[in-house]
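The file input_27.cif contains mmCIF, C-alpha atoms and all ligand atoms:
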data_protein
loop_
_atom_site.label_atom_id
_atom_site.label_comp_id
_atom_site.auth_asym_id
_atom_site.auth_seq_id
_atom_site.Cartn_x
_atom_site.Cartn_y
_atom_site.Cartn_z
CA MET A 1 8.68 -21.29 -13.27
CA PRO A 2 10.54 -23.41 -15.74
CA LEU A 3 11.03 -22.14 -19.27
CA ARG A 4 10.83 -24.25 -22.30
CA HIS A 5 12.99 -22.03 -24.35
CA SER A 6 15.30 -23.28 -26.97
CA ALA A 7 17.88 -20.62 -26.50
CA VAL A 8 21.35 -21.26 -25.53
CA LEU A 9 21.16 -21.55 -22.03
CA LEU A 10 21.85 -23.04 -19.08
CA PHE A 11 19.98 -20.20 -17.68
CA VAL A 12 16.85 -21.29 -19.15
CA PHE A 13 14.43 -19.65 -17.18
CA LEU A 14 11.69 -18.10 -16.29
CA ALA A 15 9.87 -18.62 -15.64
CA SER A 16 8.71 -18.45 -13.95
CA SER A 17 -1.35 -2.42 -4.62
CA CYS A 18 -2.17 -1.18 -2.71
CA TRP A 19 -5.07 -3.31 -1.67
CA LEU A 20 -8.00 -2.49 0.48
CA PRO A 21 -7.99 -4.38 3.76
CA PHE A 22 -9.83 -7.65 3.61
CA GLN A 23 -12.76 -7.85 5.97
CA GLY A 24 -13.16 -11.61 6.37
CA ALA A 25 -10.39 -14.04 7.21
CA LYS A 26 -7.72 -13.22 9.74
CA GLN A 27 -4.69 -11.67 8.06
CA SER A 28 -1.07 -12.32 8.83
CA SER A 29 1.12 -9.27 9.48
CA PRO A 30 3.93 -7.81 7.36
CA ALA A 31 6.37 -8.46 10.22
CA GLU A 32 5.51 -12.16 10.17
CA PHE A 33 6.23 -12.24 6.46
CA VAL A 34 9.68 -10.79 7.00
CA SER A 35 10.72 -13.52 9.41
CA GLN A 36 9.14 -16.31 7.36
CA ILE A 37 10.77 -15.24 4.12
CA LYS A 38 14.14 -14.94 5.86
CA ARG A 39 13.94 -18.59 6.85
CA VAL A 40 14.48 -19.74 3.27
CA LYS A 41 16.74 -22.79 2.90
CA CYS A 42 18.97 -22.63 -0.15
CA ASP A 43 19.48 -26.39 -0.44
CA ASN A 44 16.75 -28.36 -2.21
CA ARG A 45 17.16 -31.22 0.29
CA ASP A 46 16.03 -29.02 3.18
CA ARG A 47 13.06 -27.40 1.57
CA LEU A 48 10.30 -29.96 2.03
CA GLU A 49 11.07 -29.99 5.75
CA SER A 50 10.92 -26.17 5.91
CA VAL A 51 7.53 -26.19 4.26
CA ARG A 52 6.36 -28.75 6.78
CA SER A 53 7.50 -26.66 9.74
CA LEU A 54 5.83 -23.55 8.35
CA PHE A 55 2.47 -25.35 8.09
CA SER A 56 2.96 -26.90 11.54
CA GLU A 57 3.54 -23.50 13.09
CA PHE A 58 0.38 -22.30 11.43
CA GLY A 59 -1.65 -24.93 13.21
CA ALA A 60 -1.54 -28.03 10.99
CA ASP A 61 -1.38 -31.15 13.16
CA PRO A 62 1.05 -33.86 12.07
CA GLY A 63 -1.96 -35.92 10.97
CA ASP A 64 -3.17 -33.10 8.72
CA LEU A 65 0.12 -32.90 6.85
CA GLU A 66 -0.04 -35.36 4.06
CA ILE A 67 2.93 -36.32 1.92
CA GLU A 68 1.82 -37.25 -1.59
CA ASP A 69 4.64 -39.66 -2.21
CA PHE A 70 4.89 -40.48 -5.88
CA GLU A 71 7.69 -42.64 -7.16
CA TYR A 72 10.17 -39.84 -7.76
CA VAL A 73 8.58 -36.71 -6.38
CA LYS A 74 6.95 -35.65 -3.13
CA ASN A 75 4.26 -33.02 -2.60
CA LEU A 76 3.07 -31.82 0.78
CA ALA A 77 -0.70 -31.31 1.08
CA VAL A 78 -3.09 -30.06 3.76
CA THR A 79 -6.86 -30.09 3.42
CA VAL A 80 -9.23 -27.61 5.03
CA PRO A 81 -12.73 -29.12 4.80
CA GLY A 82 -15.58 -26.84 3.77
CA GLU A 83 -19.35 -27.20 3.82
CA THR A 84 -19.12 -29.23 0.61
CA ASP A 85 -16.50 -31.45 -1.02
CA GLU A 86 -16.26 -29.10 -3.99
CA THR A 87 -12.57 -28.34 -4.01
CA ILE A 88 -10.26 -25.39 -4.63
CA VAL A 89 -6.60 -26.36 -4.97
CA VAL A 90 -4.10 -23.72 -3.89
CA GLY A 91 -0.50 -24.46 -4.86
CA ALA A 92 3.11 -23.32 -5.03
CA HIS A 93 6.28 -25.26 -5.82
CA TYR A 94 8.95 -25.66 -3.15
CA ASP A 95 11.85 -26.89 -5.30
CA LYS A 96 14.48 -24.63 -6.85
CA THR A 97 16.94 -24.76 -9.70
CA THR A 98 20.65 -25.36 -9.06
CA LEU A 99 21.61 -21.69 -9.26
CA GLY A 100 20.88 -19.16 -6.52
CA CYS A 101 18.95 -19.69 -3.30
CA GLY A 102 15.45 -20.07 -4.70
CA ALA A 103 14.31 -17.34 -2.35
CA ILE A 104 12.32 -15.61 -5.07
CA ASP A 105 11.48 -18.73 -7.07
CA ASN A 106 9.70 -19.98 -5.12
CA TRP A 107 10.08 -19.62 -1.37
CA THR A 108 8.05 -16.39 -1.71
CA GLY A 109 5.20 -18.46 -3.22
CA ILE A 110 5.46 -21.00 -0.40
CA VAL A 111 5.19 -18.28 2.25
CA ILE A 112 2.09 -16.91 0.52
CA LEU A 113 0.63 -20.43 0.29
CA ALA A 114 1.21 -21.20 3.98
CA ASN A 115 -0.22 -17.86 5.11
CA LEU A 116 -3.33 -18.40 3.00
CA TYR A 117 -3.73 -21.72 4.80
CA LYS A 118 -3.31 -19.98 8.13
CA SER A 119 -5.94 -17.38 7.25
CA LEU A 120 -8.53 -19.80 5.88
CA LYS A 121 -8.20 -22.85 8.10
CA ASP A 122 -10.52 -21.57 10.83
CA GLN A 123 -12.99 -19.92 8.48
CA ARG A 124 -16.37 -21.29 7.55
CA ASN A 125 -15.54 -21.91 3.91
CA LYS A 126 -18.19 -23.18 1.51
CA LYS A 127 -15.70 -25.23 -0.43
CA THR A 128 -12.92 -27.53 0.62
CA PHE A 129 -9.45 -26.05 0.22
CA ARG A 130 -6.48 -28.26 -0.57
CA PHE A 131 -3.14 -26.50 -0.10
CA VAL A 132 -0.31 -28.21 -1.95
CA ALA A 133 3.44 -27.55 -2.05
CA PHE A 134 4.67 -29.17 -5.25
CA GLY A 135 8.01 -30.86 -5.82
CA ASP A 136 10.07 -30.70 -9.00
CA GLU A 137 8.20 -27.99 -10.82
CA GLU A 138 11.50 -26.85 -12.27
CA LYS A 139 12.06 -30.27 -13.81
CA GLY A 140 8.84 -29.96 -15.80
CA LEU A 141 5.83 -29.54 -13.50
CA VAL A 142 6.41 -33.04 -12.15
CA GLY A 143 4.70 -32.83 -8.73
CA SER A 144 1.57 -31.13 -10.03
CA ARG A 145 1.32 -33.53 -12.97
CA GLU A 146 1.44 -36.51 -10.63
CA MET A 147 -1.13 -35.01 -8.29
CA VAL A 148 -3.54 -34.41 -11.14
CA ARG A 149 -2.98 -37.89 -12.51
CA ALA A 150 -3.96 -39.33 -9.15
CA ILE A 151 -7.35 -37.56 -9.09
CA PRO A 152 -10.02 -40.15 -9.94
CA LYS A 153 -11.95 -39.28 -13.10
CA GLY A 154 -15.20 -38.99 -11.19
CA ARG A 155 -13.67 -36.36 -8.91
CA LEU A 156 -12.37 -34.01 -11.60
CA ALA A 157 -15.64 -32.07 -11.88
CA LYS A 158 -15.56 -31.46 -8.13
CA HIS A 159 -12.35 -29.48 -8.62
CA CYS A 160 -13.70 -25.98 -9.13
CA ALA A 161 -10.40 -24.12 -9.60
CA MET A 162 -6.67 -24.24 -9.03
CA VAL A 163 -4.74 -21.12 -8.00
CA ASN A 164 -0.95 -21.28 -8.31
CA PHE A 165 1.65 -18.92 -6.85
CA ASP A 166 5.07 -18.60 -8.48
CA SER A 167 7.76 -16.01 -7.68
CA PHE A 168 7.10 -12.72 -5.88
CA GLY A 169 8.76 -9.70 -4.35
CA PHE A 170 8.83 -7.08 -7.09
CA GLU A 171 5.47 -5.92 -8.38
CA ASP A 172 1.75 -6.11 -7.81
CA LEU A 173 0.21 -9.39 -8.88
CA TRP A 174 -0.20 -10.30 -12.51
CA ALA A 175 -1.45 -13.45 -14.25
CA LEU A 176 0.58 -15.65 -16.56
CA GLN A 177 -1.77 -15.89 -19.51
CA ARG A 178 -0.56 -19.11 -21.08
CA ALA A 179 -1.02 -20.99 -17.82
CA SER A 180 -4.31 -19.34 -16.82
CA ASP A 181 -7.98 -19.63 -17.77
CA ALA A 182 -9.67 -16.44 -18.94
CA SER A 183 -12.52 -16.94 -16.45
CA LEU A 184 -10.16 -16.87 -13.46
CA ILE A 185 -8.16 -13.98 -14.93
CA ASN A 186 -11.37 -11.98 -15.27
CA LEU A 187 -12.36 -12.67 -11.68
CA ALA A 188 -8.96 -11.38 -10.53
CA LYS A 189 -9.12 -8.35 -12.82
CA ASN A 190 -12.56 -7.40 -11.54
CA LEU A 191 -11.44 -7.72 -7.95
CA ALA A 192 -8.43 -5.52 -8.67
CA ILE A 193 -10.64 -2.89 -10.28
CA ARG A 194 -12.91 -2.89 -7.24
CA ASN A 195 -9.81 -2.35 -5.11
CA GLY A 196 -8.84 0.64 -7.22
CA THR A 197 -5.94 -1.05 -8.95
CA ALA A 198 -5.30 -3.33 -11.93
CA LEU A 199 -4.19 -6.88 -12.53
CA PRO A 200 -2.07 -7.14 -15.67
CA VAL A 201 -1.83 -10.24 -17.82
CA LYS A 202 1.61 -11.16 -19.14
CA ASN A 203 3.23 -13.74 -21.31
CA TYR A 204 6.91 -14.58 -21.44
CA SER A 205 8.23 -16.87 -24.08
CA GLY A 206 8.06 -20.45 -22.87
CA ALA A 207 7.15 -19.59 -19.29
CA VAL A 208 4.85 -22.09 -17.62
CA SER A 209 4.02 -23.20 -14.10
CA ASP A 210 2.05 -25.84 -12.18
CA SER A 211 -1.41 -24.50 -13.06
CA ARG A 212 -0.80 -25.90 -16.54
CA SER A 213 -1.02 -29.47 -15.22
CA PHE A 214 -4.55 -28.78 -14.02
CA GLN A 215 -5.66 -27.06 -17.21
CA ILE A 216 -4.61 -30.10 -19.19
CA LYS A 217 -7.17 -32.14 -17.23
CA GLY A 218 -9.90 -29.53 -17.69
CA ILE A 219 -9.62 -28.00 -14.22
CA PRO A 220 -9.77 -24.19 -14.49
CA ALA A 221 -6.50 -22.76 -13.21
CA ILE A 222 -4.44 -19.60 -12.90
CA THR A 223 -0.81 -18.74 -12.13
CA LEU A 224 -0.22 -15.49 -10.26
CA SER A 225 3.23 -13.92 -9.99
CA GLY A 226 4.87 -10.74 -8.74
CA LEU A 227 8.05 -10.66 -10.85
CA ASP A 228 9.05 -7.60 -12.81
CA ASP A 229 10.24 -7.35 -16.40
CA ASN A 230 13.89 -7.80 -15.34
CA TRP A 231 13.26 -11.34 -14.15
CA ARG A 232 15.79 -12.75 -16.58
CA SER A 233 18.59 -11.15 -14.58
CA TYR A 234 17.79 -12.96 -11.34
CA LEU A 235 15.52 -15.94 -11.85
CA HIS A 236 17.28 -19.32 -12.06
CA GLN A 237 20.51 -17.44 -11.45
CA GLU A 238 22.83 -16.68 -8.53
CA LYS A 239 20.88 -13.47 -7.98
CA ASP A 240 17.86 -15.39 -6.79
CA GLN A 241 18.61 -14.31 -3.21
CA LEU A 242 16.75 -12.99 -0.20
CA SER A 243 18.42 -9.58 -0.51
CA ASN A 244 16.67 -8.94 -3.83
CA ILE A 245 13.14 -9.40 -2.50
CA ASN A 246 10.76 -6.58 -1.61
CA ILE A 247 9.02 -8.40 1.23
CA GLU A 248 6.37 -5.74 1.67
CA LYS A 249 5.30 -6.40 -1.88
CA VAL A 250 4.99 -10.13 -1.17
CA PHE A 251 2.75 -9.29 1.77
CA GLU A 252 0.53 -7.09 -0.41
CA ASN A 253 0.30 -9.89 -2.97
CA TYR A 254 -0.87 -12.25 -0.19
CA VAL A 255 -3.57 -9.81 0.96
CA PHE A 256 -5.01 -9.70 -2.54
CA ALA A 257 -4.74 -13.47 -2.93
CA LEU A 258 -6.71 -14.03 0.25
CA GLU A 259 -9.54 -11.90 -1.00
CA TYR A 260 -9.38 -13.63 -4.37
CA LEU A 261 -9.73 -17.09 -2.82
CA GLU A 262 -12.76 -15.93 -0.87
CA GLU A 263 -14.33 -14.83 -4.14
CA ILE A 264 -13.75 -18.21 -5.72
CA ASP A 265 -15.16 -19.86 -2.60
CA SER A 266 -18.39 -17.92 -2.93
CA SER A 267 -18.73 -18.62 -6.67
CA ARG A 268 -20.48 -21.60 -8.23
CA CYS A 269 -18.13 -24.54 -8.70
CA ASP A 270 -18.76 -24.74 -12.45
CA GLU A 271 -18.50 -20.99 -12.94
CA PHE A 272 -14.97 -21.07 -14.33
CA ARG A 273 -15.33 -23.94 -16.80
ZN ZN B 301 8.99 -21.14 -10.20
#
Write the structure described by the file as structure tokens, please.
Amino acid sequence: MPLRHSAVLLFVFLASSCWLPFQGAKQSSPAEFVSQIKRVKCDNRDRLESVRSLFSEFGADPGDLEIEDFEYVKNLAVTVPGETDETIVVGAHYDKTTLGCGAIDNWTGIVILANLYKSLKDQRNKKTFRFVAFGDEEKGLVGSREMVRAIPKGRLAKHCAMVNFDSFGFEDLWALQRASDASLINLAKNLAIRNGTALPVKNYSGAVSDSRSFQIKGIPAITLSGLDDNWRSYLHQEKDQLSNINIEKVFENYVFALEYLEEIDSSRCDEFR
């Protein structure tokens, strides 16, 4: 997450379960998460390629992997067609800031994104899922803004919801209120309650993420995160390293996210507007 904070810093930043087993889509395993998270590349120049290989390993053919090549930013997108062309966008940014490895922010989100793709690609989904790894979120939500700009006006209403994943490995999922629609927050909260847990809503000064780009165009959106309240000590800093991630927690966050996407899929497209 980038922060628009006026404070002194260079370290501008942020920003930015125990779940019941999901009965539908095929789940990845915690062991798979460990190896995928450990493959993080700490150089921004290598990261788009790592995202591509993750999706390829999960069954995306080269022809399915689409580079949205805007003038100064690239996103990687994969579509899983559903019974209708009503669309759910699932996203996470792959870029990092100059400090640290970007393992937390946001390779953890990318691993969740790719595993959600893996779990849903062979399902009979009602809606079409578009999985997108965004570039240059840290420079001001650039990749997501360009993607949204490229959606033809007539197609906007077909975009039912956007679910964004940014920074995990500490706590159970929570929603970033200022980048999330109340309707999607409520859906997540109700699901958490049914699973015997809770989904908190948080706000950190200036914290935003890619879901905001979709909200601006009237597409209901939510940002989910798994940071804890000490995020200022590691995010956008040298301490954004693999060794500081609780990978089991990332896996739990993914399990909930999978169930959440299935709920959105079975909802009416206009339900969150
Ligand atoms: Zn981030």
Test item: residues lying within 6 Å of ligand ZN 301 (chain B) with all atoms listed in the file, as a list in words: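 Those within range of ligand ZN 301 (chain B) are Met1, Ser16, Asp105, Asn106, Asp166 and Ser167 of chain A.
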Minimum-distance residue to Leu227 in chain A, chosen among A:Ser28, A:Ser243, A:Ser119, A:Thr108 (using only C-alpha atoms):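 When distances to Leu227 in chain A are compared using only C-alpha atoms, the smallest one comes from A:Thr108.
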Shell of 9 Å around range 185-190 of chain A, all atoms listed in the file, local chain residues under 4 positions omitted, as an MDAnalysis selection string: chainID A and resid 175 177 180:181 194:195 197:201 222 257 260 263:264
Within 12 Å of range 203-206 of chain A, which residues of range 228-267 of chain A show up? Give each one with its shortest atom-to-atom distance in Å (one decimal) and the two atoms involved, counting all atoms listed in the file, rows by chain then rising residue number, as CSV.
residue,atom,partner,partner_atom,distance
A:Asp228,CA,A:Tyr204,CA,11.3
A:Asp229,CA,A:Tyr204,CA,9.4
A:Asn230,CA,A:Tyr204,CA,11.5
A:Trp231,CA,A:Tyr204,CA,10.2
A:Arg232,CA,A:Tyr204,CA,10.3
Nearest candidate to Ser144 in chain A (options A:Ala25, A:Ala77, A:Leu258, A:Leu65; using all atoms listed in the file):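 Smallest distance to Ser144 in chain A is found for A:Ala77.
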CA of Lys96 in chain A to CA of Asn75 in chain A, distance in Å rounded to a single decimal: 13.9 Å
Residue among A:Pro30, A:Gly102, A:Gly109, A:Gly63 lying closest to Thr223 in chain A, counting all atoms listed in the file: A:Gly109
Lys127 in chain A: which residues within 7 Å, counting only C-alpha atoms, same-chain residues fewer than 6 positions away excluded, as a compact mmCIF listing (two decimals) with C-alpha atoms, keeping the file's coordinate frame?
# COMPACT_ATOMS: atom_id res chain seq x y z
CA GLY A 82 -15.58 -26.84 3.77
CA GLU A 83 -19.35 -27.20 3.82
CA THR A 84 -19.12 -29.23 0.61
CA ASP A 85 -16.50 -31.45 -1.02
CA GLU A 86 -16.26 -29.10 -3.99
CA THR A 87 -12.57 -28.34 -4.01
CA ILE A 88 -10.26 -25.39 -4.63
CA ASP A 265 -15.16 -19.86 -2.60
Between CA of Leu191 in chain A and CA of Gln27 in chain A - distance in Å to one decimal: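 Rounded to one decimal, the two atoms are 17.8 Å apart.
Each of A:Tyr254, A:Ala207, A:Ser50, A:Val90 was compared to Lys38 in chain A using all atoms listed in the file, and A:Ser50 turns out to be the nearest.
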Given all atoms listed in the file as the counted atoms, nearest of A:Ala157, A:Ala133, A:Val34, A:Ile112 to Ile67 in chain A: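 When distances to Ile67 in chain A are compared using all atoms listed in the file, the smallest one comes from A:Ala133.
CA of Leu235 in chain A is found 16.7 Å from CA of Ile37 in chain A.
Proximity of A:Lys118, A:Lys41, A:Lys217, A:Lys74 to Leu156 in chain A, computed with only C-alpha atoms, is greatest for A:Lys217.
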Sel. within 9 Å of pt (-7.9, -24.5, 7.7), counting all atoms listed in the file, output as a PDB file with C-alpha atoms, in the coordinates of the input:
ATOM      1  CA  GLY A  59      -1.650 -24.930  13.210  1.00  0.00           C
ATOM      2  CA  ALA A  60      -1.540 -28.030  10.990  1.00  0.00           C
ATOM      3  CA  VAL A  78      -3.090 -30.060   3.760  1.00  0.00           C
ATOM      4  CA  THR A  79      -6.860 -30.090   3.420  1.00  0.00           C
ATOM      5  CA  VAL A  80      -9.230 -27.610   5.030  1.00  0.00           C
ATOM      6  CA  PRO A  81     -12.730 -29.120   4.800  1.00  0.00           C
ATOM      7  CA  GLY A  82     -15.580 -26.840   3.770  1.00  0.00           C
ATOM      8  CA  LEU A 116      -3.330 -18.400   3.000  1.00  0.00           C
ATOM      9  CA  TYR A 117      -3.730 -21.720   4.800  1.00  0.00           C
ATOM     10  CA  LYS A 118      -3.310 -19.980   8.130  1.00  0.00           C
ATOM     11  CA  SER A 119      -5.940 -17.380   7.250  1.00  0.00           C
ATOM     12  CA  LEU A 120      -8.530 -19.800   5.880  1.00  0.00           C
ATOM     13  CA  LYS A 121      -8.200 -22.850   8.100  1.00  0.00           C
ATOM     14  CA  ASP A 122     -10.520 -21.570  10.830  1.00  0.00           C
ATOM     15  CA  GLN A 123     -12.990 -19.920   8.480  1.00  0.00           C
ATOM     16  CA  ASN A 125     -15.540 -21.910   3.910  1.00  0.00           C
ATOM     17  CA  PHE A 129      -9.450 -26.050   0.220  1.00  0.00           C
TER      18      PHE A 129
END
Contacts of range 42-44 of chain A within 10 Å, all atoms listed in the file, excl. fewer than 6 positions in-chain, as number ranges by chain: A: 94-103, 107, 135-136, 240-242
Long-range neighbours of Glu271 in chain A as a ChimeraX atom specification, 10 Å cut-off, only C-alpha atoms, 5 positions minimum in chain: /A:160-161,183-184,220,264
Restrict the output to range 12-82 of chain A and C-alpha atoms, then write it as an mmCIF file, in the first residue's frame.
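Below is the file result.cif, written as the result:
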data_model
loop_
_atom_site.group_PDB
_atom_site.id
_atom_site.type_symbol
_atom_site.label_atom_id
_atom_site.label_comp_id
_atom_site.auth_asym_id
_atom_site.auth_seq_id
_atom_site.Cartn_x
_atom_site.Cartn_y
_atom_site.Cartn_z
ATOM 1 C CA VAL A 12 6.134 7.001 3.828
ATOM 2 C CA PHE A 13 4.232 4.047 4.089
ATOM 3 C CA LEU A 14 1.733 2.003 4.618
ATOM 4 C CA ALA A 15 0.224 1.237 3.539
ATOM 5 C CA SER A 16 -0.414 -0.575 2.831
ATOM 6 C CA SER A 17 -8.794 -17.723 11.834
ATOM 7 C CA CYS A 18 -9.150 -20.110 12.073
ATOM 8 C CA TRP A 19 -11.436 -20.785 9.175
ATOM 9 C CA LEU A 20 -13.697 -23.678 8.530
ATOM 10 C CA PRO A 21 -12.585 -25.776 5.586
ATOM 11 C CA PHE A 22 -14.099 -24.693 2.319
ATOM 12 C CA GLN A 23 -16.211 -27.342 0.674
ATOM 13 C CA GLY A 24 -16.143 -26.219 -2.954
ATOM 14 C CA ALA A 25 -13.050 -25.328 -4.927
ATOM 15 C CA LYS A 26 -9.849 -27.299 -4.618
ATOM 16 C CA GLN A 27 -7.572 -25.791 -1.993
ATOM 17 C CA SER A 28 -3.841 -25.394 -2.155
ATOM 18 C CA SER A 29 -1.839 -26.745 0.790
ATOM 19 C CA PRO A 30 0.115 -24.856 3.455
ATOM 20 C CA ALA A 31 3.320 -26.562 2.270
ATOM 21 C CA GLU A 32 2.812 -25.168 -1.232
ATOM 22 C CA PHE A 33 2.456 -21.706 0.243
ATOM 23 C CA VAL A 34 5.768 -22.014 2.033
ATOM 24 C CA SER A 35 7.691 -22.770 -1.144
ATOM 25 C CA GLN A 36 5.848 -20.157 -3.209
ATOM 26 C CA ILE A 37 6.390 -17.383 -0.696
ATOM 27 C CA LYS A 38 10.076 -18.288 -0.418
ATOM 28 C CA ARG A 39 10.482 -17.685 -4.132
ATOM 29 C CA VAL A 40 10.089 -13.928 -3.714
ATOM 30 C CA LYS A 41 12.416 -11.824 -5.887
ATOM 31 C CA CYS A 42 13.662 -8.709 -4.154
ATOM 32 C CA ASP A 43 14.396 -6.772 -7.351
ATOM 33 C CA ASN A 44 11.465 -5.005 -9.000
ATOM 34 C CA ARG A 45 12.822 -5.917 -12.446
ATOM 35 C CA ASP A 46 12.363 -9.639 -11.779
ATOM 36 C CA ARG A 47 8.935 -9.553 -10.286
ATOM 37 C CA LEU A 48 6.656 -9.510 -13.314
ATOM 38 C CA GLU A 49 8.441 -12.605 -14.595
ATOM 39 C CA SER A 50 8.010 -14.371 -11.232
ATOM 40 C CA VAL A 51 4.304 -13.665 -11.285
ATOM 41 C CA ARG A 52 4.126 -15.078 -14.789
ATOM 42 C CA SER A 53 5.871 -18.302 -13.796
ATOM 43 C CA LEU A 54 3.608 -18.750 -10.785
ATOM 44 C CA PHE A 55 0.491 -18.519 -12.974
ATOM 45 C CA SER A 56 2.069 -20.806 -15.582
ATOM 46 C CA GLU A 57 2.762 -23.453 -12.974
ATOM 47 C CA PHE A 58 -0.833 -23.198 -11.880
ATOM 48 C CA GLY A 59 -2.039 -24.119 -15.340
ATOM 49 C CA ALA A 60 -2.286 -20.848 -17.277
ATOM 50 C CA ASP A 61 -1.244 -21.427 -20.888
ATOM 51 C CA PRO A 62 1.009 -18.801 -22.454
ATOM 52 C CA GLY A 63 -1.996 -17.636 -24.493
ATOM 53 C CA ASP A 64 -4.040 -17.097 -21.329
ATOM 54 C CA LEU A 65 -1.439 -14.806 -19.796
ATOM 55 C CA GLU A 66 -2.168 -11.353 -20.995
ATOM 56 C CA ILE A 67 0.143 -8.404 -20.468
ATOM 57 C CA GLU A 68 -1.829 -5.179 -20.202
ATOM 58 C CA ASP A 69 0.903 -2.995 -21.598
ATOM 59 C CA PHE A 70 0.170 0.643 -20.902
ATOM 60 C CA GLU A 71 2.675 3.290 -21.821
ATOM 61 C CA TYR A 72 4.627 3.205 -18.581
ATOM 62 C CA VAL A 73 3.223 0.325 -16.575
ATOM 63 C CA LYS A 74 2.497 -3.339 -17.168
ATOM 64 C CA ASN A 75 -0.154 -5.501 -15.518
ATOM 65 C CA LEU A 76 -0.441 -9.249 -15.940
ATOM 66 C CA ALA A 77 -4.000 -10.563 -16.329
ATOM 67 C CA VAL A 78 -5.633 -13.976 -16.680
ATOM 68 C CA THR A 79 -9.330 -14.505 -17.324
ATOM 69 C CA VAL A 80 -11.356 -17.486 -16.155
ATOM 70 C CA PRO A 81 -14.629 -17.435 -18.119
ATOM 71 C CA GLY A 82 -17.844 -18.115 -16.224
#
